[in-house]
Structures are given as C-alpha cells and as structure tokens.
Amino acid sequence: MTMPAPVPTPNSMLPLRSKQDGALFFVIAIIVFLACVSALITRATFVSAANWRADLNGAMTVQIKNAKDQDTKVARAAQVLRSIAGVSEVIVYDRTHATALLEPWLGKGNIPDDLPLPVIIAVQLTPQAPASKDVITFALRASDIRAEVDDHRRWSAEMNSATGFLQVFSLTALALLVSTAIAVTGFATRANLAARREVVNTLHLAGAFDGFIAAQFERRFGAMGFRAGIAGAALAALIVGAAQLMAGDGSGLLLPVFRLDPVGFGLLVLAPVLTAFSGALTARLTVLSNLKEQD
C-alpha cells in the first residue's frame, strides 16, 4: 500500500516530502556519510599524531656495540640509566631479541653465535621532567660505557611531516564534501523555485514578503537535510563499527584508526543537525537572492 505524500500545512505552500525528492535525498545522504567518515578520520589523524609525537618524544634508545664483557656493561648501563632523574623505565633487549629481528632476512638458524650483535636498551622518560640526551650520554661516559644514544629527533621530524600532510588532506576532503552538500542544496532549491514560479509570482502579487516565500523553501530543505543526515550518519556508524570490529586491537600501529568513542558518536549525532541547518540556510539565501534578481 502506497502512502500518500504529505500535503502542505496551512502555513506552508510546499510539502515537506515529495516523490521527486528520492534522488536528492540519496545524494545528500551519501555526502553526509562521506563527510562523517572524513570527520572521524580527521579526528583520528590528529589523535594519532599526538600519540605518535608523545611516544617518540617520551623515549630514547641506547645501543651498546661490540663491547668486551658486553653482558656486564649492559647490566651496568641499565643500572646507571635507572639512577638518572627523569628516567621512568629501562628495558634491555638482549641478543635473543636482536636475533629474532634478523631472522626474517637471514633465516632461522643462519646467524652464527659469534656474530657480534648490538644490545638495545629502551629508555622511557618521565613526561613531567624528562632527562635529556646530554645527561644520559654524560652519565654513561662517566661510568666508562661507550654507547650510542638516539633521542628519535630524526624520526620525530619525519613523523611530523607525514602527519601534517594527513591532517591537511583530511581537512581538505572534509571541506570539499561540505561545499558539495551546500552546492547540491542550492541547485535543488533553484530547481524547486523554477518549478513553482507561478505560485511564487501569485504570492508576490498577493503581497507576500520575500522572507515568507524563502521560509517555505527553508522549512522544506531543512527537513530533508535532517532526514538525509540521519540516514548518512547511521550508515557511517555501521561502517565504522564494522571496521572497528574487524580491525581489533592489532591495528593503528602506523595508520590512524577511527573509533566510535563518545566524541565520535557526538560527531555522528551532530551531523543531521548541521545538515538541516546548512540546507535550510542555503535554501533561504538562494531563494532571497533569486527573488531580488527578479525585482
């Protein structure tokens, strides 16, 4: 059974829904869906970038190579590092760990026991007052331990460059999608206005103000934008939720991962409201502009 289209109310010359709105509704819903996903990715990019910078800036690596009595010096180096103010944790990666890193390239069992391998010590710094590279280097040299200290500055600069590009790209994509939604709404409003030219002219002759006529289109496209926004945001929630379940906990090591946390849900809830507002505002401004051109 086909439901009849809603008829205009006494205060409205346009129905809030029409059979001809299907294609426009679909286009706006898809744009809202893409905008929601883009907004979640943009937020995830900023959050991931902040986490990456914190991880790089909050850690250093100490490497001890080819030292006589290497095990003894590594143990002494770990003890010295733990005694430095501004160091919160020291983790020693022994020869077994270094061997495991080389096996994918050299093959299991192809690494001689007498092959000299460096020992890596990971140093986690205190966030409030981290120890500097110079302090750590001086403390190791004072204990007669020759080691290379890497503060990850090079990696941090490269990461900042990469994340900066991702952030600009995400914001640009989001801005283009929003602009597309506004342009589509403006085009649809002009088409509706042209289709109802006789009604608009009659209202003009009857003394109706431009604001009254614009309000009819404003109400119509605001309602359509709200419905399309709900559909697009719901689809985005389903897609993002499915991606989050499929990704599990093993993702996000190098690429940003968007998740449905409270802030993400807030963005999705806000999408229909913003779509309705932008649709109503665009329709109103378009109608007022066209009516002024006719005067």
# chains A, B, ... in the order shown; residues from 1 in each chain; ligands from 1
$ residues_around --residues "region 189-196 of chain A" --least-positions-apart "4" --cutoff "10 Å" --atoms "only C-alpha atoms" --output "count of residues only"
23
$ residues_around --residues "Ser88 (chain A)" --least-positions-apart "6" --cutoff "8 Å" --atoms "only C-alpha atoms" --output "CSV table (one decimal) with N, CA and C atoms, in the first residue's frame"
chain,number,residue,atom,x,y,z
A,82,ARG,N,68.8,3.7,35.2
A,82,ARG,CA,67.7,3.7,36.2
A,82,ARG,C,67.9,4.7,37.3
A,123,VAL,N,64.7,3.3,26.8
A,123,VAL,CA,64.6,4.2,27.9
A,123,VAL,C,63.3,5.0,27.8
A,124,GLN,N,62.4,4.8,28.8
A,124,GLN,CA,61.2,5.6,28.8
A,124,GLN,C,61.4,6.8,29.8
A,125,LEU,N,61.0,8.0,29.3
A,125,LEU,CA,61.3,9.2,30.1
A,125,LEU,C,60.1,9.6,30.9
A,126,THR,N,60.3,10.3,32.0
A,126,THR,CA,59.2,10.9,32.8
A,126,THR,C,58.6,12.1,32.0
$ residues_around --residues "Asp113 (chain A)" --least-positions-apart "2" --cutoff "12 Å" --atoms "only C-alpha atoms" --output "PyMOL selection string"
chain A and resi 95-96+99+109-111+115-117
$ closest_residue --among "A:Val74, A:Val269, A:Ala23, A:Val47" --to "Ser143 (chain A)" --atoms "only C-alpha atoms"
A:Val74
$ atom_distance --atom1 "CA of Thr42 (chain A)" --atom2 "CA of Ile28 (chain A)"
20.4 Å
$ closest_residue --among "A:Val273, A:Ala157, A:Leu260, A:Met224" --to "Ile239 (chain A)" --atoms "only C-alpha atoms"
A:Leu260
$ residues_around --residues "His204 (chain A)" --least-positions-apart "6" --cutoff "12 Å" --atoms "only C-alpha atoms" --output "PyMOL selection string"
chain A and resi 197-198+210-214+291-292+294-295
$ write_last_selection --atoms "C-alpha atoms" --output "JSON list (two decimals), in the first residue's frame"
[["chain", "number", "residue", "atom", "x", "y", "z"],
["A", 197, "ARG", "CA", 7.42, 30.02, -10.47],
["A", 198, "GLU", "CA", 3.70, 30.58, -10.95],
["A", 210, "ASP", "CA", 10.27, 37.62, 0.25],
["A", 211, "GLY", "CA", 11.01, 36.31, 3.75],
["A", 212, "PHE", "CA", 7.71, 34.40, 3.82],
["A", 213, "ILE", "CA", 8.42, 32.73, 0.47],
["A", 214, "ALA", "CA", 12.00, 31.90, 1.50],
["A", 291, "LEU", "CA", 13.77, 36.94, -5.72],
["A", 292, "LYS", "CA", 15.95, 40.05, -5.58],
["A", 294, "GLN", "CA", 13.54, 39.32, -10.31],
["A", 295, "ASP", "CA", 12.64, 42.62, -8.69]]
$ select_by_dssp --residues "region 63-194 of chain A" --states "alpha helix (DSSP H)" --output "PDB file with N, CA and C atoms, in the first residue's frame"
ATOM      1  N   GLN A  70      80.416  -7.647  27.299  1.00  0.00           N
ATOM      2  CA  GLN A  70      79.223  -6.894  26.912  1.00  0.00           C
ATOM      3  C   GLN A  70      78.089  -7.062  27.924  1.00  0.00           C
ATOM      4  N   ASP A  71      77.867  -8.280  28.373  1.00  0.00           N
ATOM      5  CA  ASP A  71      76.764  -8.511  29.306  1.00  0.00           C
ATOM      6  C   ASP A  71      76.944  -7.708  30.588  1.00  0.00           C
ATOM      7  N   THR A  72      78.190  -7.634  31.060  1.00  0.00           N
ATOM      8  CA  THR A  72      78.459  -6.880  32.288  1.00  0.00           C
ATOM      9  C   THR A  72      78.215  -5.396  32.075  1.00  0.00           C
ATOM     10  N   LYS A  73      78.679  -4.882  30.928  1.00  0.00           N
ATOM     11  CA  LYS A  73      78.488  -3.463  30.646  1.00  0.00           C
ATOM     12  C   LYS A  73      77.022  -3.120  30.415  1.00  0.00           C
ATOM     13  N   VAL A  74      76.286  -4.038  29.811  1.00  0.00           N
ATOM     14  CA  VAL A  74      74.854  -3.795  29.604  1.00  0.00           C
ATOM     15  C   VAL A  74      74.141  -3.722  30.944  1.00  0.00           C
ATOM     16  N   ALA A  75      74.477  -4.640  31.844  1.00  0.00           N
ATOM     17  CA  ALA A  75      73.846  -4.619  33.168  1.00  0.00           C
ATOM     18  C   ALA A  75      74.184  -3.337  33.918  1.00  0.00           C
ATOM     19  N   ARG A  76      75.472  -2.905  33.805  1.00  0.00           N
ATOM     20  CA  ARG A  76      75.875  -1.672  34.482  1.00  0.00           C
ATOM     21  C   ARG A  76      75.213  -0.447  33.844  1.00  0.00           C
ATOM     22  N   ALA A  77      75.072  -0.477  32.501  1.00  0.00           N
ATOM     23  CA  ALA A  77      74.420   0.630  31.816  1.00  0.00           C
ATOM     24  C   ALA A  77      72.952   0.741  32.241  1.00  0.00           C
ATOM     25  N   ALA A  78      72.272  -0.385  32.348  1.00  0.00           N
ATOM     26  CA  ALA A  78      70.881  -0.366  32.791  1.00  0.00           C
ATOM     27  C   ALA A  78      70.763   0.189  34.205  1.00  0.00           C
ATOM     28  N   GLN A  79      71.740  -0.173  35.057  1.00  0.00           N
ATOM     29  CA  GLN A  79      71.714   0.336  36.434  1.00  0.00           C
ATOM     30  C   GLN A  79      71.932   1.855  36.462  1.00  0.00           C
ATOM     31  N   VAL A  80      72.871   2.327  35.621  1.00  0.00           N
ATOM     32  CA  VAL A  80      73.141   3.761  35.555  1.00  0.00           C
ATOM     33  C   VAL A  80      71.913   4.512  35.037  1.00  0.00           C
ATOM     34  N   LEU A  81      71.283   3.971  34.014  1.00  0.00           N
ATOM     35  CA  LEU A  81      70.119   4.635  33.431  1.00  0.00           C
ATOM     36  C   LEU A  81      68.971   4.730  34.433  1.00  0.00           C
ATOM     37  N   ARG A  82      68.774   3.684  35.213  1.00  0.00           N
ATOM     38  CA  ARG A  82      67.686   3.702  36.203  1.00  0.00           C
ATOM     39  C   ARG A  82      67.936   4.723  37.309  1.00  0.00           C
ATOM     40  N   ARG A  95      70.529 -10.339  23.216  1.00  0.00           N
ATOM     41  CA  ARG A  95      70.903 -10.918  21.931  1.00  0.00           C
ATOM     42  C   ARG A  95      69.762 -11.731  21.323  1.00  0.00           C
ATOM     43  N   THR A  96      68.981 -12.374  22.160  1.00  0.00           N
ATOM     44  CA  THR A  96      67.855 -13.159  21.644  1.00  0.00           C
ATOM     45  C   THR A  96      66.885 -12.278  20.872  1.00  0.00           C
ATOM     46  N   HIS A  97      66.644 -11.085  21.393  1.00  0.00           N
ATOM     47  CA  HIS A  97      65.754 -10.150  20.714  1.00  0.00           C
ATOM     48  C   HIS A  97      66.363  -9.672  19.396  1.00  0.00           C
ATOM     49  N   ALA A  98      67.664  -9.374  19.402  1.00  0.00           N
ATOM     50  CA  ALA A  98      68.330  -8.932  18.180  1.00  0.00           C
ATOM     51  C   ALA A  98      68.327 -10.045  17.123  1.00  0.00           C
ATOM     52  N   THR A  99      68.523 -11.268  17.556  1.00  0.00           N
ATOM     53  CA  THR A  99      68.492 -12.403  16.631  1.00  0.00           C
ATOM     54  C   THR A  99      67.116 -12.561  15.997  1.00  0.00           C
ATOM     55  N   ALA A 100      66.068 -12.398  16.810  1.00  0.00           N
ATOM     56  CA  ALA A 100      64.705 -12.512  16.285  1.00  0.00           C
ATOM     57  C   ALA A 100      64.414 -11.436  15.243  1.00  0.00           C
ATOM     58  N   LEU A 101      65.011 -10.241  15.401  1.00  0.00           N
ATOM     59  CA  LEU A 101      64.817  -9.179  14.419  1.00  0.00           C
ATOM     60  C   LEU A 101      65.512  -9.477  13.103  1.00  0.00           C
ATOM     61  N   LEU A 102      66.633 -10.207  13.142  1.00  0.00           N
ATOM     62  CA  LEU A 102      67.394 -10.504  11.929  1.00  0.00           C
ATOM     63  C   LEU A 102      66.903 -11.754  11.201  1.00  0.00           C
ATOM     64  N   GLU A 103      66.211 -12.641  11.886  1.00  0.00           N
ATOM     65  CA  GLU A 103      65.810 -13.914  11.285  1.00  0.00           C
ATOM     66  C   GLU A 103      64.933 -13.774  10.042  1.00  0.00           C
ATOM     67  N   PRO A 104      64.008 -12.808   9.969  1.00  0.00           N
ATOM     68  CA  PRO A 104      63.205 -12.692   8.733  1.00  0.00           C
ATOM     69  C   PRO A 104      64.043 -12.423   7.493  1.00  0.00           C
ATOM     70  N   TRP A 105      65.228 -11.812   7.634  1.00  0.00           N
ATOM     71  CA  TRP A 105      66.091 -11.503   6.487  1.00  0.00           C
ATOM     72  C   TRP A 105      67.178 -12.571   6.281  1.00  0.00           C
ATOM     73  N   LEU A 106      67.738 -13.091   7.368  1.00  0.00           N
ATOM     74  CA  LEU A 106      68.830 -14.065   7.247  1.00  0.00           C
ATOM     75  C   LEU A 106      68.361 -15.505   7.355  1.00  0.00           C
ATOM     76  N   LYS A 133      69.222  14.072  26.349  1.00  0.00           N
ATOM     77  CA  LYS A 133      70.207  13.195  25.721  1.00  0.00           C
ATOM     78  C   LYS A 133      71.603  13.460  26.278  1.00  0.00           C
ATOM     79  N   ASP A 134      71.933  14.716  26.506  1.00  0.00           N
ATOM     80  CA  ASP A 134      73.258  15.047  27.034  1.00  0.00           C
ATOM     81  C   ASP A 134      73.469  14.470  28.428  1.00  0.00           C
ATOM     82  N   VAL A 135      72.447  14.519  29.262  1.00  0.00           N
ATOM     83  CA  VAL A 135      72.565  13.987  30.620  1.00  0.00           C
ATOM     84  C   VAL A 135      72.795  12.484  30.587  1.00  0.00           C
ATOM     85  N   ILE A 136      72.046  11.777  29.736  1.00  0.00           N
ATOM     86  CA  ILE A 136      72.190  10.320  29.647  1.00  0.00           C
ATOM     87  C   ILE A 136      73.564   9.962  29.082  1.00  0.00           C
ATOM     88  N   THR A 137      73.990  10.676  28.029  1.00  0.00           N
ATOM     89  CA  THR A 137      75.301  10.394  27.439  1.00  0.00           C
ATOM     90  C   THR A 137      76.422  10.636  28.449  1.00  0.00           C
ATOM     91  N   PHE A 138      76.349  11.726  29.190  1.00  0.00           N
ATOM     92  CA  PHE A 138      77.384  12.044  30.184  1.00  0.00           C
ATOM     93  C   PHE A 138      77.419  10.992  31.291  1.00  0.00           C
ATOM     94  N   ALA A 139      76.243  10.538  31.741  1.00  0.00           N
ATOM     95  CA  ALA A 139      76.196   9.538  32.809  1.00  0.00           C
ATOM     96  C   ALA A 139      76.807   8.218  32.357  1.00  0.00           C
ATOM     97  N   LEU A 140      76.580   7.828  31.125  1.00  0.00           N
ATOM     98  CA  LEU A 140      77.155   6.579  30.613  1.00  0.00           C
ATOM     99  C   LEU A 140      78.669   6.699  30.446  1.00  0.00           C
ATOM    100  N   ARG A 141      79.134   7.829  29.928  1.00  0.00           N
ATOM    101  CA  ARG A 141      80.578   8.006  29.752  1.00  0.00           C
ATOM    102  C   ARG A 141      81.287   8.073  31.103  1.00  0.00           C
ATOM    103  N   ALA A 142      80.624   8.677  32.074  1.00  0.00           N
ATOM    104  CA  ALA A 142      81.228   8.739  33.408  1.00  0.00           C
ATOM    105  C   ALA A 142      81.399   7.350  34.011  1.00  0.00           C
ATOM    106  N   ARG A 153      64.962  12.276  17.340  1.00  0.00           N
ATOM    107  CA  ARG A 153      64.596  13.567  16.742  1.00  0.00           C
ATOM    108  C   ARG A 153      64.364  13.448  15.240  1.00  0.00           C
ATOM    109  N   ARG A 154      65.193  12.644  14.593  1.00  0.00           N
ATOM    110  CA  ARG A 154      65.037  12.482  13.139  1.00  0.00           C
ATOM    111  C   ARG A 154      63.690  11.842  12.817  1.00  0.00           C
ATOM    112  N   TRP A 155      63.345  10.788  13.581  1.00  0.00           N
ATOM    113  CA  TRP A 155      62.071  10.125  13.356  1.00  0.00           C
ATOM    114  C   TRP A 155      60.910  11.057  13.690  1.00  0.00           C
ATOM    115  N   SER A 156      61.077  11.875  14.722  1.00  0.00           N
ATOM    116  CA  SER A 156      60.015  12.801  15.102  1.00  0.00           C
ATOM    117  C   SER A 156      59.765  13.822  14.003  1.00  0.00           C
ATOM    118  N   ALA A 157      60.832  14.320  13.367  1.00  0.00           N
ATOM    119  CA  ALA A 157      60.664  15.293  12.281  1.00  0.00           C
ATOM    120  C   ALA A 157      59.947  14.667  11.093  1.00  0.00           C
ATOM    121  N   GLU A 158      60.329  13.431  10.744  1.00  0.00           N
ATOM    122  CA  GLU A 158      59.668  12.746   9.630  1.00  0.00           C
ATOM    123  C   GLU A 158      58.208  12.456   9.955  1.00  0.00           C
ATOM    124  N   MET A 159      57.940  12.073  11.203  1.00  0.00           N
ATOM    125  CA  MET A 159      56.567  11.799  11.605  1.00  0.00           C
ATOM    126  C   MET A 159      55.718  13.070  11.566  1.00  0.00           C
ATOM    127  N   ASN A 160      56.297  14.185  12.007  1.00  0.00           N
ATOM    128  CA  ASN A 160      55.568  15.450  11.964  1.00  0.00           C
ATOM    129  C   ASN A 160      55.218  15.831  10.529  1.00  0.00           C
ATOM    130  N   SER A 161      56.147  15.593   9.609  1.00  0.00           N
ATOM    131  CA  SER A 161      55.891  15.907   8.202  1.00  0.00           C
ATOM    132  C   SER A 161      54.775  15.028   7.637  1.00  0.00           C
ATOM    133  N   ALA A 162      54.828  13.724   7.955  1.00  0.00           N
ATOM    134  CA  ALA A 162      53.818  12.800   7.434  1.00  0.00           C
ATOM    135  C   ALA A 162      52.444  13.090   8.017  1.00  0.00           C
ATOM    136  N   THR A 163      52.378  13.282   9.327  1.00  0.00           N
ATOM    137  CA  THR A 163      51.084  13.546   9.961  1.00  0.00           C
ATOM    138  C   THR A 163      50.530  14.909   9.545  1.00  0.00           C
ATOM    139  N   GLY A 164      51.405  15.876   9.305  1.00  0.00           N
ATOM    140  CA  GLY A 164      50.939  17.177   8.833  1.00  0.00           C
ATOM    141  C   GLY A 164      50.246  17.060   7.487  1.00  0.00           C
ATOM    142  N   PHE A 165      50.819  16.242   6.591  1.00  0.00           N
ATOM    143  CA  PHE A 165      50.193  16.019   5.285  1.00  0.00           C
ATOM    144  C   PHE A 165      48.836  15.341   5.444  1.00  0.00           C
ATOM    145  N   LEU A 166      48.760  14.321   6.314  1.00  0.00           N
ATOM    146  CA  LEU A 166      47.492  13.621   6.537  1.00  0.00           C
ATOM    147  C   LEU A 166      46.431  14.562   7.094  1.00  0.00           C
ATOM    148  N   GLN A 167      46.831  15.433   8.002  1.00  0.00           N
ATOM    149  CA  GLN A 167      45.878  16.362   8.600  1.00  0.00           C
ATOM    150  C   GLN A 167      45.344  17.341   7.571  1.00  0.00           C
ATOM    151  N   VAL A 168      46.237  17.904   6.752  1.00  0.00           N
ATOM    152  CA  VAL A 168      45.806  18.849   5.715  1.00  0.00           C
ATOM    153  C   VAL A 168      44.907  18.148   4.695  1.00  0.00           C
ATOM    154  N   PHE A 169      45.281  16.931   4.316  1.00  0.00           N
ATOM    155  CA  PHE A 169      44.478  16.177   3.345  1.00  0.00           C
ATOM    156  C   PHE A 169      43.089  15.884   3.903  1.00  0.00           C
ATOM    157  N   SER A 170      43.008  15.470   5.166  1.00  0.00           N
ATOM    158  CA  SER A 170      41.716  15.146   5.774  1.00  0.00           C
ATOM    159  C   SER A 170      40.829  16.375   5.871  1.00  0.00           C
ATOM    160  N   LEU A 171      41.398  17.501   6.307  1.00  0.00           N
ATOM    161  CA  LEU A 171      40.618  18.730   6.420  1.00  0.00           C
ATOM    162  C   LEU A 171      40.154  19.220   5.047  1.00  0.00           C
ATOM    163  N   THR A 172      40.993  19.082   4.030  1.00  0.00           N
ATOM    164  CA  THR A 172      40.618  19.492   2.676  1.00  0.00           C
ATOM    165  C   THR A 172      39.473  18.643   2.144  1.00  0.00           C
ATOM    166  N   ALA A 173      39.564  17.320   2.355  1.00  0.00           N
ATOM    167  CA  ALA A 173      38.490  16.436   1.900  1.00  0.00           C
ATOM    168  C   ALA A 173      37.177  16.760   2.597  1.00  0.00           C
ATOM    169  N   LEU A 174      37.245  17.032   3.904  1.00  0.00           N
ATOM    170  CA  LEU A 174      36.028  17.380   4.651  1.00  0.00           C
ATOM    171  C   LEU A 174      35.439  18.693   4.142  1.00  0.00           C
ATOM    172  N   ALA A 175      36.280  19.692   3.885  1.00  0.00           N
ATOM    173  CA  ALA A 175      35.795  20.983   3.384  1.00  0.00           C
ATOM    174  C   ALA A 175      35.155  20.830   2.007  1.00  0.00           C
ATOM    175  N   LEU A 176      35.734  20.004   1.142  1.00  0.00           N
ATOM    176  CA  LEU A 176      35.166  19.789  -0.191  1.00  0.00           C
ATOM    177  C   LEU A 176      33.801  19.110  -0.115  1.00  0.00           C
ATOM    178  N   LEU A 177      33.662  18.150   0.800  1.00  0.00           N
ATOM    179  CA  LEU A 177      32.379  17.466   0.944  1.00  0.00           C
ATOM    180  C   LEU A 177      31.299  18.414   1.450  1.00  0.00           C
ATOM    181  N   VAL A 178      31.649  19.245   2.418  1.00  0.00           N
ATOM    182  CA  VAL A 178      30.678  20.227   2.932  1.00  0.00           C
ATOM    183  C   VAL A 178      30.283  21.208   1.826  1.00  0.00           C
ATOM    184  N   SER A 179      31.262  21.663   1.050  1.00  0.00           N
ATOM    185  CA  SER A 179      30.970  22.582  -0.052  1.00  0.00           C
ATOM    186  C   SER A 179      30.077  21.924  -1.095  1.00  0.00           C
ATOM    187  N   THR A 180      30.303  20.632  -1.346  1.00  0.00           N
ATOM    188  CA  THR A 180      29.473  19.910  -2.305  1.00  0.00           C
ATOM    189  C   THR A 180      28.031  19.825  -1.824  1.00  0.00           C
ATOM    190  N   ALA A 181      27.844  19.539  -0.536  1.00  0.00           N
ATOM    191  CA  ALA A 181      26.485  19.462   0.019  1.00  0.00           C
ATOM    192  C   ALA A 181      25.764  20.804  -0.125  1.00  0.00           C
ATOM    193  N   ILE A 182      26.464  21.892   0.147  1.00  0.00           N
ATOM    194  CA  ILE A 182      25.854  23.221   0.021  1.00  0.00           C
ATOM    195  C   ILE A 182      25.509  23.515  -1.440  1.00  0.00           C
ATOM    196  N   ALA A 183      26.406  23.169  -2.353  1.00  0.00           N
ATOM    197  CA  ALA A 183      26.154  23.416  -3.781  1.00  0.00           C
ATOM    198  C   ALA A 183      24.968  22.606  -4.284  1.00  0.00           C
ATOM    199  N   VAL A 184      24.874  21.327  -3.859  1.00  0.00           N
ATOM    200  CA  VAL A 184      23.760  20.487  -4.288  1.00  0.00           C
ATOM    201  C   VAL A 184      22.436  21.048  -3.771  1.00  0.00           C
ATOM    202  N   THR A 185      22.427  21.482  -2.521  1.00  0.00           N
ATOM    203  CA  THR A 185      21.205  22.059  -1.952  1.00  0.00           C
ATOM    204  C   THR A 185      20.806  23.331  -2.693  1.00  0.00           C
ATOM    205  N   GLY A 186      21.775  24.178  -3.009  1.00  0.00           N
ATOM    206  CA  GLY A 186      21.472  25.395  -3.745  1.00  0.00           C
ATOM    207  C   GLY A 186      20.908  25.101  -5.124  1.00  0.00           C
ATOM    208  N   PHE A 187      21.481  24.120  -5.817  1.00  0.00           N
ATOM    209  CA  PHE A 187      20.977  23.750  -7.146  1.00  0.00           C
ATOM    210  C   PHE A 187      19.552  23.209  -7.059  1.00  0.00           C
ATOM    211  N   ALA A 188      19.286  22.346  -6.051  1.00  0.00           N
ATOM    212  CA  ALA A 188      17.945  21.787  -5.893  1.00  0.00           C
ATOM    213  C   ALA A 188      16.932  22.872  -5.533  1.00  0.00           C
ATOM    214  N   THR A 189      17.361  23.840  -4.751  1.00  0.00           N
ATOM    215  CA  THR A 189      16.451  24.932  -4.386  1.00  0.00           C
ATOM    216  C   THR A 189      16.067  25.747  -5.617  1.00  0.00           C
ATOM    217  N   ARG A 190      17.026  26.048  -6.458  1.00  0.00           N
ATOM    218  CA  ARG A 190      16.725  26.815  -7.679  1.00  0.00           C
ATOM    219  C   ARG A 190      15.770  26.034  -8.585  1.00  0.00           C
ATOM    220  N   ALA A 191      15.983  24.701  -8.649  1.00  0.00           N
ATOM    221  CA  ALA A 191      15.098  23.882  -9.474  1.00  0.00           C
ATOM    222  C   ALA A 191      13.673  23.896  -8.924  1.00  0.00           C
ATOM    223  N   ASN A 192      13.532  23.795  -7.597  1.00  0.00           N
ATOM    224  CA  ASN A 192      12.206  23.842  -6.987  1.00  0.00           C
ATOM    225  C   ASN A 192      11.564  25.213  -7.178  1.00  0.00           C
ATOM    226  N   LEU A 193      12.382  26.247  -7.060  1.00  0.00           N
ATOM    227  CA  LEU A 193      11.859  27.599  -7.238  1.00  0.00           C
ATOM    228  C   LEU A 193      11.376  27.804  -8.670  1.00  0.00           C
ATOM    229  N   ALA A 194      12.118  27.285  -9.641  1.00  0.00           N
ATOM    230  CA  ALA A 194      11.707  27.414 -11.046  1.00  0.00           C
ATOM    231  C   ALA A 194      10.443  26.618 -11.326  1.00  0.00           C
TER     232      ALA A 194
END
$ closest_residue --among "A:Ala276, A:Gly241, A:Val37, A:Ser83" --to "Asp261 (chain A)" --atoms "only C-alpha atoms"
A:Gly241
$ select_by_dssp --residues "region 39-284 of chain A" --states "strand (DSSP E or B)" --output "ChimeraX atom specification"
/A:59-64,87-93,119-125,148-150
$ write_last_selection --atoms "C-alpha atoms" --output "compact mmCIF listing (two decimals), in the first residue's frame"
# COMPACT_ATOMS: atom_id res chain seq x y z
CA ALA A 59 61.59 7.65 24.80
CA MET A 60 65.24 7.20 23.86
CA THR A 61 67.30 4.26 22.66
CA VAL A 62 70.73 3.31 23.97
CA GLN A 63 72.77 0.95 21.79
CA ILE A 64 75.87 -0.87 23.02
CA VAL A 87 64.00 8.18 33.51
CA SER A 88 60.88 6.20 34.40
CA GLU A 89 61.63 2.76 32.90
CA VAL A 90 64.55 0.86 31.37
CA ILE A 91 64.04 -2.22 29.18
CA VAL A 92 67.02 -4.30 27.96
CA TYR A 93 66.63 -6.17 24.66
CA VAL A 119 72.31 -4.71 22.55
CA ILE A 120 69.48 -2.20 22.58
CA ILE A 121 68.19 -0.58 25.76
CA ALA A 122 64.85 1.24 25.58
CA VAL A 123 64.60 4.20 27.93
CA GLN A 124 61.19 5.60 28.85
CA LEU A 125 61.29 9.20 30.10
CA GLU A 148 75.11 5.44 21.13
CA VAL A 149 72.13 7.42 22.41
CA ASP A 150 69.29 8.14 19.98
$ atom_distance --atom1 "CA of Met246 (chain A)" --atom2 "CA of Arg227 (chain A)"
29.0 Å
$ atom_distance --atom1 "CA of Phe33 (chain A)" --atom2 "CA of Ala233 (chain A)"
5.6 Å
$ residues_around --residues "Ala271 (chain A)" --least-positions-apart "2" --cutoff "12 Å" --atoms "only C-alpha atoms" --output "PyMOL selection string"
chain A and resi 28-29+31-40+178+225-237+264-269+273-279
$ write_last_selection --atoms "C-alpha atoms" --output "PDB file, in the first residue's frame"
ATOM      1  CA  ILE A  28      22.681  14.274   0.339  1.00  0.00           C
ATOM      2  CA  ALA A  29      22.696  11.099   2.460  1.00  0.00           C
ATOM      3  CA  ILE A  31      27.533  13.165   1.029  1.00  0.00           C
ATOM      4  CA  VAL A  32      26.717  13.173   4.756  1.00  0.00           C
ATOM      5  CA  PHE A  33      28.021   9.614   5.040  1.00  0.00           C
ATOM      6  CA  LEU A  34      31.311  10.558   3.376  1.00  0.00           C
ATOM      7  CA  ALA A  35      31.557  13.726   5.474  1.00  0.00           C
ATOM      8  CA  CYS A  36      31.011  11.745   8.703  1.00  0.00           C
ATOM      9  CA  VAL A  37      33.688   9.220   7.785  1.00  0.00           C
ATOM     10  CA  SER A  38      36.016  12.031   6.743  1.00  0.00           C
ATOM     11  CA  ALA A  39      35.405  13.859  10.037  1.00  0.00           C
ATOM     12  CA  LEU A  40      36.148  10.702  12.039  1.00  0.00           C
ATOM     13  CA  VAL A 178      30.678  20.227   2.932  1.00  0.00           C
ATOM     14  CA  GLY A 225      18.567  17.676   5.241  1.00  0.00           C
ATOM     15  CA  PHE A 226      17.724  16.371   8.697  1.00  0.00           C
ATOM     16  CA  ARG A 227      16.313  13.090   7.346  1.00  0.00           C
ATOM     17  CA  ALA A 228      19.223  12.629   4.930  1.00  0.00           C
ATOM     18  CA  GLY A 229      21.662  13.485   7.726  1.00  0.00           C
ATOM     19  CA  ILE A 230      20.213  10.764   9.943  1.00  0.00           C
ATOM     20  CA  ALA A 231      20.470   8.214   7.128  1.00  0.00           C
ATOM     21  CA  GLY A 232      24.064   9.172   6.277  1.00  0.00           C
ATOM     22  CA  ALA A 233      25.215   9.253   9.903  1.00  0.00           C
ATOM     23  CA  ALA A 234      23.579   5.875  10.616  1.00  0.00           C
ATOM     24  CA  LEU A 235      25.329   4.335   7.607  1.00  0.00           C
ATOM     25  CA  ALA A 236      28.646   5.822   8.741  1.00  0.00           C
ATOM     26  CA  ALA A 237      28.122   4.372  12.241  1.00  0.00           C
ATOM     27  CA  GLY A 264      32.911  10.013  17.547  1.00  0.00           C
ATOM     28  CA  PHE A 265      29.275   9.412  18.495  1.00  0.00           C
ATOM     29  CA  GLY A 266      28.950  13.137  19.171  1.00  0.00           C
ATOM     30  CA  LEU A 267      30.149  13.917  15.645  1.00  0.00           C
ATOM     31  CA  LEU A 268      27.611  11.496  14.185  1.00  0.00           C
ATOM     32  CA  VAL A 269      24.766  12.943  16.258  1.00  0.00           C
ATOM     33  CA  VAL A 273      21.639  18.916  12.861  1.00  0.00           C
ATOM     34  CA  LEU A 274      24.361  20.611  10.828  1.00  0.00           C
ATOM     35  CA  THR A 275      22.966  19.172   7.591  1.00  0.00           C
ATOM     36  CA  ALA A 276      19.491  20.502   8.377  1.00  0.00           C
ATOM     37  CA  PHE A 277      20.876  23.902   9.332  1.00  0.00           C
ATOM     38  CA  SER A 278      23.095  24.233   6.255  1.00  0.00           C
ATOM     39  CA  GLY A 279      20.288  23.003   3.973  1.00  0.00           C
TER      40      GLY A 279
END
